[in-house]
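J.: My structure is in final-v9.csv, and what it holds is CSV, C-alpha atoms:
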```
chain,number,residue,atom,x,y,z
K,65,MET,CA,0.0,0.0,0.0
K,66,LYS,CA,1.5,3.2,-1.2
K,67,LEU,CA,-0.2,6.5,-0.3
K,68,ILE,CA,0.3,10.2,-0.7
K,69,LEU,CA,-2.0,12.3,1.5
K,70,ALA,CA,-2.3,15.8,-0.1
K,71,GLY,CA,-4.3,18.6,1.4
K,72,ILE,CA,-4.0,22.1,2.7
K,73,GLU,CA,-2.7,22.6,6.2
K,74,TYR,CA,-5.4,22.1,8.9
K,75,SER,CA,-7.3,19.7,6.6
K,76,GLY,CA,-6.1,16.8,8.8
K,77,THR,CA,-3.5,15.1,6.7
K,78,THR,CA,-1.1,14.4,9.7
K,79,THR,CA,-3.9,13.3,12.0
K,80,LEU,CA,-5.2,10.9,9.3
K,81,ALA,CA,-1.7,9.6,8.5
K,82,ASN,CA,-1.2,8.7,12.2
K,83,LEU,CA,-4.6,6.9,12.2
K,84,LEU,CA,-3.7,5.0,9.0
K,85,SER,CA,-0.4,3.9,10.4
K,86,ASP,CA,-2.1,2.4,13.5
K,87,TRP,CA,-4.9,0.9,11.4
K,88,LYS,CA,-2.4,-0.8,9.0
K,89,THR,CA,-0.5,-2.3,11.9
K,90,LYS,CA,-3.7,-3.7,13.3
K,91,ILE,CA,-5.2,-5.0,10.1
K,92,MET,CA,-2.0,-6.3,8.4
K,93,GLY,CA,0.1,-7.1,11.4
K,94,GLU,CA,2.8,-4.7,10.5
K,95,PRO,CA,3.2,-1.0,10.0
K,96,PHE,CA,4.2,0.9,6.9
K,97,TYR,CA,7.8,0.4,5.9
K,98,MET,CA,10.0,0.8,9.0
K,99,GLY,CA,7.0,2.4,10.8
K,100,LEU,CA,7.7,5.7,9.0
K,101,ILE,CA,5.4,8.5,8.0
K,102,HIS,CA,7.2,10.9,5.7
K,103,ASP,CA,5.9,14.4,6.6
K,104,HIS,CA,8.8,16.5,5.5
K,105,PHE,CA,7.6,18.8,2.7
K,106,LYS,CA,6.3,21.9,4.4
K,107,LEU,CA,8.9,24.7,4.9
K,108,PRO,CA,10.1,25.4,7.5
K,109,HIS,CA,8.5,22.7,9.7
K,110,THR,CA,9.3,19.1,9.0
K,111,SER,CA,8.1,16.2,11.0
K,112,GLY,CA,9.4,12.8,11.8
K,113,HIS,CA,12.7,11.1,11.7
K,114,PRO,CA,15.1,11.9,13.2
K,115,ASP,CA,12.8,14.4,14.9
K,116,ASP,CA,10.8,17.6,14.3
K,117,THR,CA,12.7,20.7,13.4
K,118,THR,CA,13.3,23.0,16.3
K,119,GLN,CA,12.4,26.7,16.3
K,120,GLU,CA,16.1,27.5,15.9
K,121,GLU,CA,16.4,25.2,12.9
K,122,GLN,CA,13.3,26.6,11.4
K,123,GLU,CA,14.8,30.1,11.6
K,124,GLN,CA,17.9,28.8,9.9
K,125,ILE,CA,15.8,27.3,7.1
K,126,LEU,CA,13.8,30.5,6.6
K,127,ASN,CA,17.0,32.5,6.3
K,128,LEU,CA,18.2,30.4,3.4
K,129,SER,CA,18.1,32.0,0.0
K,130,PRO,CA,15.4,30.8,-2.5
K,131,LYS,CA,18.2,29.0,-4.3
K,132,LEU,CA,19.2,27.0,-1.2
K,133,LYS,CA,15.6,26.4,-0.2
K,134,GLU,CA,15.0,24.9,-3.6
K,135,MET,CA,18.0,22.7,-3.3
K,136,TYR,CA,17.1,21.6,0.2
K,137,HIS,CA,13.6,20.4,-0.9
K,138,ARG,CA,14.5,19.0,-4.3
K,139,TYR,CA,17.2,16.8,-2.7
K,140,SER,CA,14.8,15.7,0.0
K,141,ILE,CA,12.1,14.8,-2.5
K,142,TYR,CA,14.4,12.7,-4.7
K,143,TYR,CA,15.9,11.0,-1.6
K,144,HIS,CA,12.4,9.9,-0.6
K,145,LEU,CA,11.6,8.3,-3.9
K,146,HIS,CA,13.7,5.3,-3.1
K,147,HIS,CA,11.1,4.3,-0.5
K,148,TYR,CA,8.7,3.4,-3.4
K,149,ALA,CA,10.9,0.3,-4.0
K,150,GLN,CA,9.4,-1.1,-0.7
K,151,VAL,CA,6.0,-2.7,-0.4
K,152,ASP,CA,4.6,0.2,1.6
K,153,ASP,CA,4.9,3.9,1.8
K,154,LEU,CA,2.9,6.6,3.7
K,155,THR,CA,3.9,10.2,2.7
K,156,ILE,CA,2.2,13.5,3.3
K,157,GLY,CA,2.4,16.1,0.5
K,158,LEU,CA,5.6,15.2,-1.4
K,159,HIS,CA,5.8,17.0,-4.7
K,160,ILE,CA,2.2,18.3,-4.6
K,161,GLU,CA,2.6,20.2,-1.3
K,162,GLU,CA,6.2,21.4,-1.9
K,163,SER,CA,5.3,22.8,-5.3
K,164,ILE,CA,2.5,24.9,-3.8
K,165,TYR,CA,4.6,26.3,-1.0
K,166,ALA,CA,7.6,26.9,-3.2
K,167,ARG,CA,5.9,29.2,-5.6
K,168,LYS,CA,3.4,30.8,-3.3
K,169,TYR,CA,5.6,31.7,-0.4
K,170,TYR,CA,9.3,31.0,-1.0
K,171,GLY,CA,10.1,32.4,-4.4
K,172,TYR,CA,11.5,29.3,-6.2
K,173,GLY,CA,10.3,26.8,-8.7
K,174,LEU,CA,8.6,29.6,-10.6
K,175,PRO,CA,7.6,29.4,-14.3
K,176,GLY,CA,10.7,29.6,-16.5
K,177,ASP,CA,13.1,28.7,-13.6
K,178,GLN,CA,15.6,26.0,-14.2
K,179,PHE,CA,13.8,23.9,-11.6
K,180,ASP,CA,10.3,25.1,-12.4
K,181,ARG,CA,8.1,23.0,-10.2
K,182,GLU,CA,5.7,22.2,-13.0
K,183,ASN,CA,8.5,20.3,-14.6
K,184,ILE,CA,9.9,18.8,-11.4
K,185,PHE,CA,6.4,17.5,-10.7
K,186,VAL,CA,6.4,15.5,-13.9
K,187,ALA,CA,9.9,14.3,-13.4
K,188,VAL,CA,9.2,13.1,-9.9
K,189,GLU,CA,6.1,11.1,-11.0
K,190,ASN,CA,8.0,9.6,-14.0
K,191,ARG,CA,10.7,8.4,-11.6
K,192,ILE,CA,8.2,6.9,-9.2
K,193,LYS,CA,6.6,4.9,-12.0
K,194,GLN,CA,10.1,3.6,-12.9
K,195,ILE,CA,10.6,2.4,-9.4
K,196,THR,CA,7.3,0.7,-8.7
K,197,LYS,CA,4.4,-0.8,-10.7
K,198,ASP,CA,2.1,-0.7,-7.7
K,199,PRO,CA,-0.6,1.9,-7.6
K,200,VAL,CA,0.3,5.0,-5.7
K,201,VAL,CA,-2.9,6.3,-4.3
K,202,ILE,CA,-3.4,10.1,-3.9
K,203,VAL,CA,-5.7,10.8,-1.0
K,204,HIS,CA,-6.9,14.4,-1.5
K,205,VAL,CA,-7.9,15.6,2.0
K,206,GLU,CA,-10.2,18.5,2.0
K,207,ALA,CA,-12.2,20.7,4.4
K,208,GLU,CA,-14.4,23.7,4.0
K,209,ASP,CA,-12.8,27.2,4.2
K,210,GLN,CA,-14.5,28.1,7.4
K,211,VAL,CA,-13.4,24.9,9.0
K,212,ILE,CA,-9.8,25.5,8.0
K,213,GLN,CA,-10.0,29.0,9.4
K,214,SER,CA,-11.4,27.7,12.7
K,215,ARG,CA,-8.7,25.1,13.0
K,216,MET,CA,-6.1,27.7,12.2
K,217,ASP,CA,-7.3,29.9,15.1
K,218,GLU,CA,-7.1,26.9,17.4
K,219,LEU,CA,-3.9,25.3,16.3
K,220,LYS,CA,-1.7,27.9,14.7
K,221,GLY,CA,0.5,28.2,17.8
K,222,THR,CA,1.2,24.5,18.0
K,223,PRO,CA,4.6,23.1,17.1
K,224,GLU,CA,3.2,21.3,14.0
K,225,HIS,CA,2.2,24.7,12.5
K,226,SER,CA,5.0,26.9,13.8
K,227,ASN,CA,6.2,29.5,11.3
K,228,SER,CA,3.6,28.4,8.8
K,229,PRO,CA,3.2,30.9,6.0
K,230,LEU,CA,-0.4,30.1,5.3
K,231,LEU,CA,-2.7,33.1,5.6
K,232,LYS,CA,-6.5,33.0,5.9
K,233,LYS,CA,-6.9,35.1,2.7
K,234,ASP,CA,-4.9,32.4,0.8
K,235,ILE,CA,-7.0,29.4,1.8
K,236,SER,CA,-9.3,29.3,-1.2
K,237,GLY,CA,-6.5,29.8,-3.7
K,238,ILE,CA,-4.3,27.2,-2.0
K,239,LYS,CA,-7.1,24.7,-2.0
K,240,LYS,CA,-7.6,25.2,-5.7
K,241,GLU,CA,-3.9,24.6,-6.3
K,242,TYR,CA,-4.1,21.3,-4.4
K,243,LYS,CA,-7.0,20.3,-6.6
K,244,ARG,CA,-5.2,21.3,-9.8
K,245,LEU,CA,-2.1,19.3,-8.9
K,246,VAL,CA,-4.1,16.3,-7.7
K,247,ASP,CA,-5.9,16.3,-11.0
K,248,LYS,CA,-2.6,16.7,-12.8
K,249,SER,CA,-1.1,13.6,-11.1
K,250,LYS,CA,-0.7,10.5,-13.2
K,251,LEU,CA,0.5,8.2,-10.4
K,252,GLY,CA,-2.7,6.2,-9.7
K,253,PRO,CA,-6.2,6.3,-8.3
K,254,VAL,CA,-7.4,9.5,-6.5
K,255,ILE,CA,-9.5,9.3,-3.4
K,256,ASN,CA,-11.3,12.4,-2.1
K,257,ILE,CA,-12.1,12.7,1.5
K,258,ASP,CA,-13.6,15.6,3.4
K,259,THR,CA,-12.9,16.1,7.1
K,260,SER,CA,-15.2,19.1,7.7
K,261,HIS,CA,-17.8,17.4,9.8
K,262,ASP,CA,-16.7,13.8,10.6
K,263,SER,CA,-14.6,12.9,13.6
K,264,PRO,CA,-11.1,11.6,12.8
K,265,GLY,CA,-12.3,8.1,13.5
K,266,GLN,CA,-15.3,8.4,11.1
K,267,THR,CA,-13.0,9.9,8.5
K,268,LEU,CA,-10.6,6.9,8.8
K,269,GLU,CA,-13.5,4.5,8.5
K,270,LYS,CA,-14.7,6.1,5.3
K,271,LEU,CA,-11.2,6.2,3.8
K,272,VAL,CA,-10.5,2.6,4.5
K,273,LYS,CA,-13.6,1.5,2.6
K,274,LEU,CA,-12.5,3.7,-0.3
K,275,LEU,CA,-9.0,2.2,-0.2
K,276,GLU,CA,-10.1,-1.4,-0.2
K,277,PRO,CA,-10.3,-1.8,-4.0
K,278,THR,CA,-6.7,-0.5,-4.3
K,279,PHE,CA,-5.2,-3.1,-2.0
K,280,THR,CA,-2.4,-5.0,-3.7
K,281,GLU,CA,-2.0,-8.8,-3.6
K,282,GLU,CA,0.6,-8.3,-0.9
K,283,ASP,CA,-1.8,-6.2,1.1
K,284,ARG,CA,-4.4,-8.9,0.9
K,285,ARG,CA,-2.0,-11.7,1.7
K,286,ARG,CA,-0.9,-9.9,4.9
K,287,ILE,CA,-4.5,-9.3,5.9
K,288,ASP,CA,-5.3,-13.0,5.5
K,289,LEU,CA,-2.2,-14.0,7.3
K,290,ASN,CA,-2.9,-11.6,10.2
K,291,ASN,CA,-6.5,-13.0,10.5
K,292,ILE,CA,-5.1,-16.5,10.8
K,293,VAL,CA,-2.6,-15.4,13.5
K,294,ASP,CA,-5.4,-13.6,15.4
```
Let me see the structure of the file written as structure tokens.

T.:
Amino acid sequence: MKLILAGIEYSGTTTLANLLSDWKTKIMGEPFYMGLIHDHFKLPHTSGHPDDTTQEEQEQILNLSPKLKEMYHRYSIYYHLHHYAQVDDLTIGLHIEESIYARKYYGYGLPGDQFDRENIFVAVENRIKQITKDPVVIVHVEAEDQVIQSRMDELKGTPEHSNSPLLKKDISGIKKEYKRLVDKSKLGPVINIDTSHDSPGQTLEKLVKLLEPTFTEEDRRRIDLNNIVD
């Protein structure tokens, strides 16, 4: 099972990824590859291994020139592509998210640039398709504008959203960019899920049902084996 969760901040991508990780361990008897969730594609905050960026590190990232920010993230994206050689992957954002932030807030990847993110987007997907024949499911996580605003008021001061550049006036436009790039993707099936009114648990339940037709033979083998063990 290889998933990319793509959605504007405060839509619930990280919450949903954590729930999916626990669910997979329960239903298949093992977590995503090495137990990892790749949540590294929002500048300046990155989550996960080895640990979250500190405030000091975020300031250092923000002080990089656009050229160095571009290099930092391009190298990170291409490094993470090798995970698609494994049977599982759970990533938040990847090239979809980074492309949006790059051009909206950080001044790189612009049209006509050497590393124009429209071109990098295609190159990344072509490389993924060389690495794996498995479906890479794009889960487009959405929420209503007012819900995003409310969550922003509540959560903006938390470490996960520290130094976020997202502004309320940008929410509608950013959401449209996510939709555009999700539609542009050629990786595999797209699943749309809205978190506006359901609880995280209800959202997970709906998503799992939508994911079932995309399970690989290996996914189904592990589910059967886990049921026997139980």

J.: Show which residues sit within 10 Å of stretch 128-137 of chain K, as a list in words. Count all atoms listed in the file, and ignore same-chain residues fewer than 6 positions away.

T.: His104, Phe105, Lys106, Leu107, Pro108, Tyr143, Leu158, His159, Glu162, Ser163, Ala166, Tyr170, Gly171, Tyr172, Gly173, Phe179, Asp180 and Arg181 of chain K

J.: Work out how far apart atom CA of K:Leu231 and atom CA of K:Lys168 are and give it in Å to one decimal.

T.: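 Straight-line distance from atom CA of K:Leu231 to atom CA of K:Lys168 works out to 11.0 Å.
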
J.: Write out as a PyMOL selection string each polymer residue whose atoms come within 8 Å of K:Val246, counting all atoms listed in the file; drop sequence neighbours fewer than 6 positions from it.

T.: chain K and resi 70+160+202+204+254

J.: I'd like the interatomic distance between atom CA of K:Gly93 and atom CA of K:His146, to a tenth of an Å.

T.: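 Rounded to one decimal, the two atoms are 23.4 Å apart.
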
J.: Which one is closest to K:Met92: K:Ile255, K:Arg284, K:Leu145, K:Gly112? Count all atoms listed in the file.

T.: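 Of all the options, K:Arg284 lies closest to K:Met92.
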
J.: Identify, on the basis of all atoms listed in the file, every residue whose closest approach to K:His144 does not exceed 12 Å; exclude the query and any residue fewer than 5 positions from it along the same chain; express the result as an mmCIF file with C-alpha atoms, in the coordinates of the input.

T.:
```cif
data_model
loop_
_atom_site.group_PDB
_atom_site.id
_atom_site.type_symbol
_atom_site.label_atom_id
_atom_site.label_comp_id
_atom_site.auth_asym_id
_atom_site.auth_seq_id
_atom_site.Cartn_x
_atom_site.Cartn_y
_atom_site.Cartn_z
ATOM 1 C CA LEU K 100 7.700 5.700 9.000
ATOM 2 C CA ILE K 101 5.400 8.500 8.000
ATOM 3 C CA HIS K 102 7.200 10.900 5.700
ATOM 4 C CA ASP K 103 5.900 14.400 6.600
ATOM 5 C CA HIS K 104 8.800 16.500 5.500
ATOM 6 C CA PHE K 105 7.600 18.800 2.700
ATOM 7 C CA HIS K 137 13.600 20.400 -0.900
ATOM 8 C CA ARG K 138 14.500 19.000 -4.300
ATOM 9 C CA TYR K 139 17.200 16.800 -2.700
ATOM 10 C CA ALA K 149 10.900 0.300 -4.000
ATOM 11 C CA GLN K 150 9.400 -1.100 -0.700
ATOM 12 C CA ASP K 153 4.900 3.900 1.800
ATOM 13 C CA LEU K 154 2.900 6.600 3.700
ATOM 14 C CA THR K 155 3.900 10.200 2.700
ATOM 15 C CA ILE K 156 2.200 13.500 3.300
ATOM 16 C CA GLY K 157 2.400 16.100 0.500
ATOM 17 C CA LEU K 158 5.600 15.200 -1.400
ATOM 18 C CA HIS K 159 5.800 17.000 -4.700
ATOM 19 C CA VAL K 188 9.200 13.100 -9.900
ATOM 20 C CA ARG K 191 10.700 8.400 -11.600
ATOM 21 C CA ILE K 192 8.200 6.900 -9.200
ATOM 22 C CA ILE K 195 10.600 2.400 -9.400
#
```
